[in-house]
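Chemist: Enclosed is the structure file coords-v7.tsv (TSV, N, CA and C atoms).
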```
chain	number	residue	atom	x	y	z
A	1	MET	N	-22.99	-15.93	2.11
A	1	MET	CA	-22.41	-16.64	0.97
A	1	MET	C	-22.64	-15.83	-0.30
A	2	MET	N	-23.86	-15.30	-0.44
A	2	MET	CA	-24.19	-14.54	-1.63
A	2	MET	C	-23.34	-13.27	-1.72
A	3	SER	N	-23.09	-12.63	-0.55
A	3	SER	CA	-22.30	-11.40	-0.56
A	3	SER	C	-20.85	-11.69	-0.96
A	4	ARG	N	-20.32	-12.86	-0.59
A	4	ARG	CA	-18.96	-13.22	-0.99
A	4	ARG	C	-18.87	-13.38	-2.49
A	5	LEU	N	-19.87	-14.05	-3.07
A	5	LEU	CA	-19.87	-14.24	-4.52
A	5	LEU	C	-19.99	-12.91	-5.24
A	6	PHE	N	-20.83	-12.02	-4.69
A	6	PHE	CA	-20.98	-10.71	-5.30
A	6	PHE	C	-19.68	-9.92	-5.22
A	7	LEU	N	-18.99	-10.02	-4.08
A	7	LEU	CA	-17.71	-9.34	-3.91
A	7	LEU	C	-16.68	-9.85	-4.91
A	8	VAL	N	-16.63	-11.16	-5.11
A	8	VAL	CA	-15.69	-11.74	-6.06
A	8	VAL	C	-16.02	-11.26	-7.47
A	9	ALA	N	-17.29	-11.27	-7.82
A	9	ALA	CA	-17.69	-10.82	-9.16
A	9	ALA	C	-17.37	-9.35	-9.36
A	10	LEU	N	-17.63	-8.54	-8.33
A	10	LEU	CA	-17.37	-7.11	-8.43
A	10	LEU	C	-15.89	-6.83	-8.62
A	11	LEU	N	-15.05	-7.49	-7.81
A	11	LEU	CA	-13.61	-7.26	-7.92
A	11	LEU	C	-13.06	-7.82	-9.22
A	12	ALA	N	-13.61	-8.92	-9.71
A	12	ALA	CA	-13.15	-9.47	-10.98
A	12	ALA	C	-13.51	-8.54	-12.13
A	13	VAL	N	-14.69	-7.94	-12.06
A	13	VAL	CA	-15.10	-6.98	-13.10
A	13	VAL	C	-14.19	-5.77	-13.09
A	14	LEU	N	-13.82	-5.32	-11.90
A	14	LEU	CA	-12.93	-4.17	-11.80
A	14	LEU	C	-11.51	-4.50	-12.24
A	15	GLY	N	-11.21	-5.78	-12.40
A	15	GLY	CA	-9.88	-6.18	-12.83
A	15	GLY	C	-8.86	-6.09	-11.73
A	16	VAL	N	-9.30	-6.06	-10.49
A	16	VAL	CA	-8.40	-5.90	-9.37
A	16	VAL	C	-7.90	-7.24	-8.89
A	17	VAL	N	-8.75	-8.25	-8.95
A	17	VAL	CA	-8.42	-9.53	-8.34
A	17	VAL	C	-8.65	-10.65	-9.34
A	18	SER	N	-7.72	-11.60	-9.38
A	18	SER	CA	-7.92	-12.76	-10.23
A	18	SER	C	-7.94	-14.04	-9.42
A	19	SER	N	-7.64	-13.95	-8.12
A	19	SER	CA	-7.69	-15.14	-7.28
A	19	SER	C	-8.47	-14.84	-6.02
A	20	PHE	N	-9.16	-15.87	-5.53
A	20	PHE	CA	-9.98	-15.72	-4.35
A	20	PHE	C	-9.91	-17.02	-3.57
A	21	ALA	N	-9.54	-16.94	-2.31
A	21	ALA	CA	-9.41	-18.15	-1.50
A	21	ALA	C	-10.23	-17.98	-0.23
A	22	PRO	N	-11.41	-18.60	-0.16
A	22	PRO	CA	-12.20	-18.47	1.06
A	22	PRO	C	-11.57	-19.22	2.22
A	23	VAL	N	-11.67	-18.64	3.40
A	23	VAL	CA	-11.17	-19.24	4.62
A	23	VAL	C	-12.39	-19.49	5.50
A	24	ALA	N	-12.24	-20.14	6.62
A	24	ALA	CA	-13.35	-20.57	7.48
A	24	ALA	C	-14.53	-19.59	7.47
A	25	ASN	N	-14.45	-18.47	8.19
A	25	ASN	CA	-15.55	-17.52	8.24
A	25	ASN	C	-15.19	-16.21	7.55
A	26	THR	N	-14.05	-16.15	6.92
A	26	THR	CA	-13.63	-14.92	6.25
A	26	THR	C	-13.19	-15.25	4.84
A	27	ALA	N	-13.09	-14.22	4.02
A	27	ALA	CA	-12.60	-14.39	2.66
A	27	ALA	C	-11.33	-13.59	2.51
A	28	SER	N	-10.37	-14.11	1.81
A	28	SER	CA	-9.10	-13.43	1.61
A	28	SER	C	-9.05	-12.94	0.18
A	29	VAL	N	-8.83	-11.65	0.01
A	29	VAL	CA	-8.77	-11.05	-1.32
A	29	VAL	C	-7.34	-10.64	-1.59
A	30	VAL	N	-6.78	-11.07	-2.72
A	30	VAL	CA	-5.38	-10.81	-3.03
A	30	VAL	C	-5.28	-10.16	-4.39
A	31	ALA	N	-4.47	-9.10	-4.50
A	31	ALA	CA	-4.21	-8.46	-5.78
A	31	ALA	C	-2.94	-9.08	-6.35
A	32	PRO	N	-3.01	-9.80	-7.46
A	32	PRO	CA	-1.83	-10.47	-8.00
A	32	PRO	C	-0.92	-9.51	-8.74
A	33	ALA	N	0.32	-9.88	-8.89
A	33	ALA	CA	1.28	-9.09	-9.66
A	33	ALA	C	1.16	-9.48	-11.13
A	34	ALA	N	1.02	-8.49	-11.98
A	34	ALA	CA	0.93	-8.75	-13.42
A	34	ALA	C	2.33	-8.98	-13.97
A	35	ALA	N	2.43	-9.86	-14.96
A	35	ALA	CA	3.74	-10.17	-15.54
A	35	ALA	C	4.00	-9.24	-16.71
A	36	SER	N	4.68	-8.14	-16.46
A	36	SER	CA	5.06	-7.21	-17.52
A	36	SER	C	6.29	-6.45	-17.06
A	37	SER	N	6.76	-5.54	-17.89
A	37	SER	CA	7.95	-4.78	-17.53
A	37	SER	C	7.67	-3.81	-16.39
A	38	THR	N	6.40	-3.49	-16.17
A	38	THR	CA	6.06	-2.57	-15.09
A	38	THR	C	5.47	-3.30	-13.90
A	39	SER	N	5.70	-4.60	-13.77
A	39	SER	CA	5.08	-5.34	-12.69
A	39	SER	C	5.85	-5.18	-11.39
A	40	LEU	N	5.12	-5.27	-10.30
A	40	LEU	CA	5.68	-5.22	-8.97
A	40	LEU	C	5.18	-6.45	-8.20
A	41	ALA	N	5.93	-6.88	-7.23
A	41	ALA	CA	5.49	-8.00	-6.40
A	41	ALA	C	4.50	-7.47	-5.37
A	42	VAL	N	3.22	-7.53	-5.70
A	42	VAL	CA	2.18	-6.96	-4.88
A	42	VAL	C	1.43	-8.08	-4.15
A	43	SER	N	1.28	-7.95	-2.88
A	43	SER	CA	0.50	-8.90	-2.11
A	43	SER	C	-0.29	-8.14	-1.05
A	44	VAL	N	-1.39	-7.54	-1.46
A	44	VAL	CA	-2.25	-6.79	-0.55
A	44	VAL	C	-3.42	-7.68	-0.19
A	45	LYS	N	-3.61	-7.90	1.11
A	45	LYS	CA	-4.68	-8.78	1.56
A	45	LYS	C	-5.57	-8.06	2.55
A	46	ILE	N	-6.86	-8.36	2.47
A	46	ILE	CA	-7.80	-7.91	3.48
A	46	ILE	C	-8.66	-9.10	3.86
A	47	GLU	N	-9.11	-9.11	5.08
A	47	GLU	CA	-10.02	-10.16	5.54
A	47	GLU	C	-11.43	-9.58	5.52
A	48	VAL	N	-12.33	-10.25	4.79
A	48	VAL	CA	-13.70	-9.80	4.69
A	48	VAL	C	-14.51	-10.55	5.73
A	49	GLY	N	-15.08	-9.81	6.66
A	49	GLY	CA	-15.86	-10.42	7.73
A	49	GLY	C	-17.19	-10.93	7.24
A	50	GLU	N	-17.85	-11.73	8.05
A	50	GLU	CA	-19.11	-12.35	7.67
A	50	GLU	C	-20.20	-11.31	7.42
A	51	GLY	N	-20.36	-10.35	8.31
A	51	GLY	CA	-21.42	-9.37	8.17
A	51	GLY	C	-20.98	-8.07	7.52
A	52	GLU	N	-19.76	-8.02	7.01
A	52	GLU	CA	-19.21	-6.77	6.44
A	52	GLU	C	-19.79	-6.51	5.06
A	53	SER	N	-20.15	-5.27	4.80
A	53	SER	CA	-20.71	-4.94	3.49
A	53	SER	C	-19.60	-4.90	2.44
A	54	ILE	N	-20.01	-5.03	1.21
A	54	ILE	CA	-19.07	-5.04	0.09
A	54	ILE	C	-18.40	-3.69	-0.07
A	55	GLU	N	-19.17	-2.64	0.16
A	55	GLU	CA	-18.61	-1.29	0.03
A	55	GLU	C	-17.50	-1.06	1.05
A	56	GLN	N	-17.71	-1.53	2.28
A	56	GLN	CA	-16.69	-1.37	3.31
A	56	GLN	C	-15.43	-2.16	2.96
A	57	ALA	N	-15.62	-3.40	2.48
A	57	ALA	CA	-14.47	-4.23	2.14
A	57	ALA	C	-13.69	-3.62	0.97
A	58	LEU	N	-14.40	-3.13	-0.03
A	58	LEU	CA	-13.74	-2.51	-1.18
A	58	LEU	C	-13.01	-1.24	-0.76
A	59	ARG	N	-13.61	-0.46	0.14
A	59	ARG	CA	-12.97	0.76	0.63
A	59	ARG	C	-11.69	0.43	1.39
A	60	ARG	N	-11.75	-0.61	2.25
A	60	ARG	CA	-10.55	-1.02	2.98
A	60	ARG	C	-9.47	-1.54	2.05
A	61	PHE	N	-9.87	-2.27	1.00
A	61	PHE	CA	-8.91	-2.79	0.02
A	61	PHE	C	-8.21	-1.64	-0.71
A	62	LYS	N	-8.98	-0.67	-1.16
A	62	LYS	CA	-8.41	0.48	-1.86
A	62	LYS	C	-7.44	1.24	-0.96
A	63	ARG	N	-7.81	1.39	0.33
A	63	ARG	CA	-6.95	2.09	1.27
A	63	ARG	C	-5.63	1.34	1.46
A	64	GLU	N	-5.68	0.03	1.55
A	64	GLU	CA	-4.46	-0.77	1.72
A	64	GLU	C	-3.58	-0.68	0.48
A	65	VAL	N	-4.18	-0.69	-0.71
A	65	VAL	CA	-3.40	-0.56	-1.94
A	65	VAL	C	-2.73	0.80	-2.00
A	66	ASN	N	-3.44	1.84	-1.62
A	66	ASN	CA	-2.85	3.18	-1.62
A	66	ASN	C	-1.72	3.29	-0.59
A	67	LYS	N	-1.92	2.69	0.59
A	67	LYS	CA	-0.88	2.75	1.62
A	67	LYS	C	0.38	2.00	1.20
A	68	SER	N	0.22	0.95	0.42
A	68	SER	CA	1.40	0.16	0.01
A	68	SER	C	2.29	0.94	-0.96
A	69	GLY	N	1.73	1.93	-1.69
A	69	GLY	CA	2.52	2.75	-2.59
A	69	GLY	C	2.80	2.12	-3.95
A	70	HIS	N	2.19	0.98	-4.23
A	70	HIS	CA	2.46	0.30	-5.49
A	70	HIS	C	1.89	1.03	-6.69
A	71	LEU	N	0.75	1.66	-6.54
A	71	LEU	CA	0.16	2.37	-7.68
A	71	LEU	C	1.02	3.55	-8.11
A	72	MET	N	1.56	4.28	-7.14
A	72	MET	CA	2.43	5.41	-7.50
A	72	MET	C	3.68	4.91	-8.21
A	73	GLU	N	4.23	3.81	-7.73
A	73	GLU	CA	5.43	3.25	-8.37
A	73	GLU	C	5.12	2.81	-9.79
A	74	LEU	N	3.97	2.22	-10.01
A	74	LEU	CA	3.59	1.82	-11.37
A	74	LEU	C	3.39	3.02	-12.27
A	75	ARG	N	2.84	4.09	-11.73
A	75	ARG	CA	2.68	5.31	-12.53
A	75	ARG	C	4.03	5.86	-12.96
A	76	HIS	N	5.02	5.78	-12.06
A	76	HIS	CA	6.34	6.28	-12.41
A	76	HIS	C	7.03	5.37	-13.42
A	77	ARG	N	6.73	4.10	-13.38
A	77	ARG	CA	7.35	3.16	-14.30
A	77	ARG	C	6.66	3.09	-15.66
A	78	ARG	N	5.55	3.80	-15.81
A	78	ARG	CA	4.81	3.74	-17.06
A	78	ARG	C	5.67	4.21	-18.24
A	79	TYR	N	6.45	5.25	-18.01
A	79	TYR	CA	7.35	5.76	-19.03
A	79	TYR	C	8.78	5.72	-18.50
A	80	PHE	N	9.72	5.65	-19.41
A	80	PHE	CA	11.12	5.60	-18.99
A	80	PHE	C	11.50	6.91	-18.32
A	81	GLU	N	12.24	6.80	-17.25
A	81	GLU	CA	12.68	7.96	-16.50
A	81	GLU	C	14.17	7.80	-16.23
A	82	ASN	N	14.98	8.69	-16.82
A	82	ASN	CA	16.42	8.55	-16.61
A	82	ASN	C	16.78	8.97	-15.19
A	83	SER	N	18.02	8.74	-14.81
A	83	SER	CA	18.42	8.93	-13.41
A	83	SER	C	18.29	10.39	-12.97
A	84	GLN	N	18.56	11.33	-13.88
A	84	GLN	CA	18.46	12.74	-13.51
A	84	GLN	C	17.00	13.12	-13.24
A	85	GLN	N	16.08	12.66	-14.09
A	85	GLN	CA	14.67	12.94	-13.88
A	85	GLN	C	14.18	12.30	-12.59
A	86	LYS	N	14.65	11.09	-12.33
A	86	LYS	CA	14.25	10.38	-11.12
A	86	LYS	C	14.72	11.14	-9.87
A	87	LYS	N	15.98	11.63	-9.93
A	87	LYS	CA	16.54	12.37	-8.81
A	87	LYS	C	15.73	13.65	-8.57
A	88	LYS	N	15.39	14.37	-9.64
A	88	LYS	CA	14.59	15.59	-9.50
A	88	LYS	C	13.24	15.29	-8.89
A	89	ARG	N	12.61	14.21	-9.35
A	89	ARG	CA	11.30	13.84	-8.83
A	89	ARG	C	11.39	13.51	-7.34
A	90	LYS	N	12.42	12.76	-6.95
A	90	LYS	CA	12.58	12.39	-5.54
A	90	LYS	C	12.81	13.62	-4.67
A	91	VAL	N	13.61	14.58	-5.15
A	91	VAL	CA	13.86	15.81	-4.40
A	91	VAL	C	12.56	16.59	-4.23
A	92	ASN	N	11.79	16.70	-5.32
A	92	ASN	CA	10.52	17.42	-5.24
A	92	ASN	C	9.53	16.74	-4.30
A	93	GLU	N	9.49	15.40	-4.33
A	93	GLU	CA	8.61	14.67	-3.42
A	93	GLU	C	9.02	14.88	-1.97
A	94	ALA	N	10.32	14.87	-1.71
A	94	ALA	CA	10.81	15.09	-0.35
A	94	ALA	C	10.47	16.50	0.12
A	95	ARG	N	10.63	17.47	-0.77
A	95	ARG	CA	10.29	18.86	-0.45
A	95	ARG	C	8.81	18.98	-0.08
A	96	MET	N	7.97	18.34	-0.89
A	96	MET	CA	6.53	18.40	-0.65
A	96	MET	C	6.18	17.69	0.67
A	97	ARG	N	6.82	16.56	0.93
A	97	ARG	CA	6.55	15.83	2.16
A	97	ARG	C	6.93	16.67	3.40
A	98	ILE	N	8.11	17.31	3.34
A	98	ILE	CA	8.56	18.16	4.46
A	98	ILE	C	7.62	19.34	4.64
A	99	ARG	N	7.17	19.91	3.53
A	99	ARG	CA	6.25	21.04	3.59
A	99	ARG	C	4.94	20.64	4.25
A	100	MET	N	4.42	19.47	3.85
A	100	MET	CA	3.15	19.00	4.43
A	100	MET	C	3.31	18.69	5.92
A	101	GLU	N	4.45	18.12	6.30
A	101	GLU	CA	4.70	17.84	7.72
A	101	GLU	C	4.77	19.14	8.52
A	102	ARG	N	5.43	20.15	7.95
A	102	ARG	CA	5.52	21.45	8.61
A	102	ARG	C	4.14	22.08	8.78
A	103	MET	N	3.32	22.00	7.73
A	103	MET	CA	1.96	22.54	7.81
A	103	MET	C	1.14	21.80	8.87
A	104	GLN	N	1.31	20.48	8.94
A	104	GLN	CA	0.58	19.69	9.94
A	104	GLN	C	1.00	20.07	11.35
A	105	ARG	N	2.31	20.26	11.56
A	105	ARG	CA	2.80	20.68	12.88
A	105	ARG	C	2.23	22.04	13.27
A	106	ARG	N	2.19	22.98	12.32
A	106	ARG	CA	1.64	24.31	12.61
A	106	ARG	C	0.17	24.22	12.98
A	107	ARG	N	-0.59	23.37	12.27
A	107	ARG	CA	-1.99	23.20	12.59
A	107	ARG	C	-2.17	22.64	14.00
A	108	MET	N	-1.35	21.67	14.34
A	108	MET	CA	-1.44	21.07	15.67
A	108	MET	C	-1.07	22.09	16.75
A	109	ASN	N	-0.05	22.92	16.49
A	109	ASN	CA	0.34	23.95	17.45
A	109	ASN	C	-0.76	24.99	17.64
A	110	ARG	N	-1.44	25.34	16.55
A	110	ARG	CA	-2.54	26.31	16.65
A	110	ARG	C	-3.69	25.74	17.44
A	111	GLN	N	-3.96	24.46	17.28
A	111	GLN	CA	-5.05	23.83	18.01
A	111	GLN	C	-4.74	23.73	19.49
A	112	MET	N	-3.46	23.51	19.81
A	112	MET	CA	-3.05	23.39	21.22
A	112	MET	C	-3.12	24.73	21.93
A	113	ALA	N	-2.84	25.82	21.23
A	113	ALA	CA	-2.77	27.14	21.85
A	113	ALA	C	-4.14	27.73	22.08
```
In structure tokens, write the structure found in this file.

Modeler:
Amino acid sequence: MMSRLFLVALLAVLGVVSSFAPVANTASVVAPAAASSTSLAVSVKIEVGEGESIEQALRRFKREVNKSGHLMELRHRRYFENSQQKKKRKVNEARMRIRMERMQRRRMNRQMA
């Protein structure tokens, strides 16, 4: 019980969570969507187990937020980006993604050989 309260206090201090709804033996942590011009409909949830440490839960929460891609989208929306700039950024991101996939394939092929 004490660890749940500490987790809520820690996440509230970090400004990540404003709502907390305990469930039977687990706690549900939700990142709410802020109401502004750069807001996104974000609903990232993790289940905090009874014996799970706060560091592990926070690490899993951060990983889920990063996987959802909402932070990158908010960074792009911070400043106005016209359609040409957006198109250039998307092309560069695709180029980088293809390059990283190619590098990963080469690494896997080297390991297999």

Chemist: To one decimal place in Å, what is the distance between CA of His70 in chain A and atom N of Gln104 in chain A?

Modeler: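 Between CA of His70 in chain A and atom N of Gln104 in chain A the gap is 24.8 Å.
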
Chemist: Give me, please, the distance in Å between atom C of Arg63 in chain A and atom N of Val48 in chain A, quoted to one decimal.

Modeler: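 Taking atom C of Arg63 in chain A as the start and atom N of Val48 in chain A as the end point, the length is 13.8 Å.
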
Chemist: So what do you get for CA of Ser68 in chain A versus CA of Ala41 in chain A, distance-wise?

Modeler: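 One can read the CA of Ser68 in chain A to CA of Ala41 in chain A distance as 11.2 Å.
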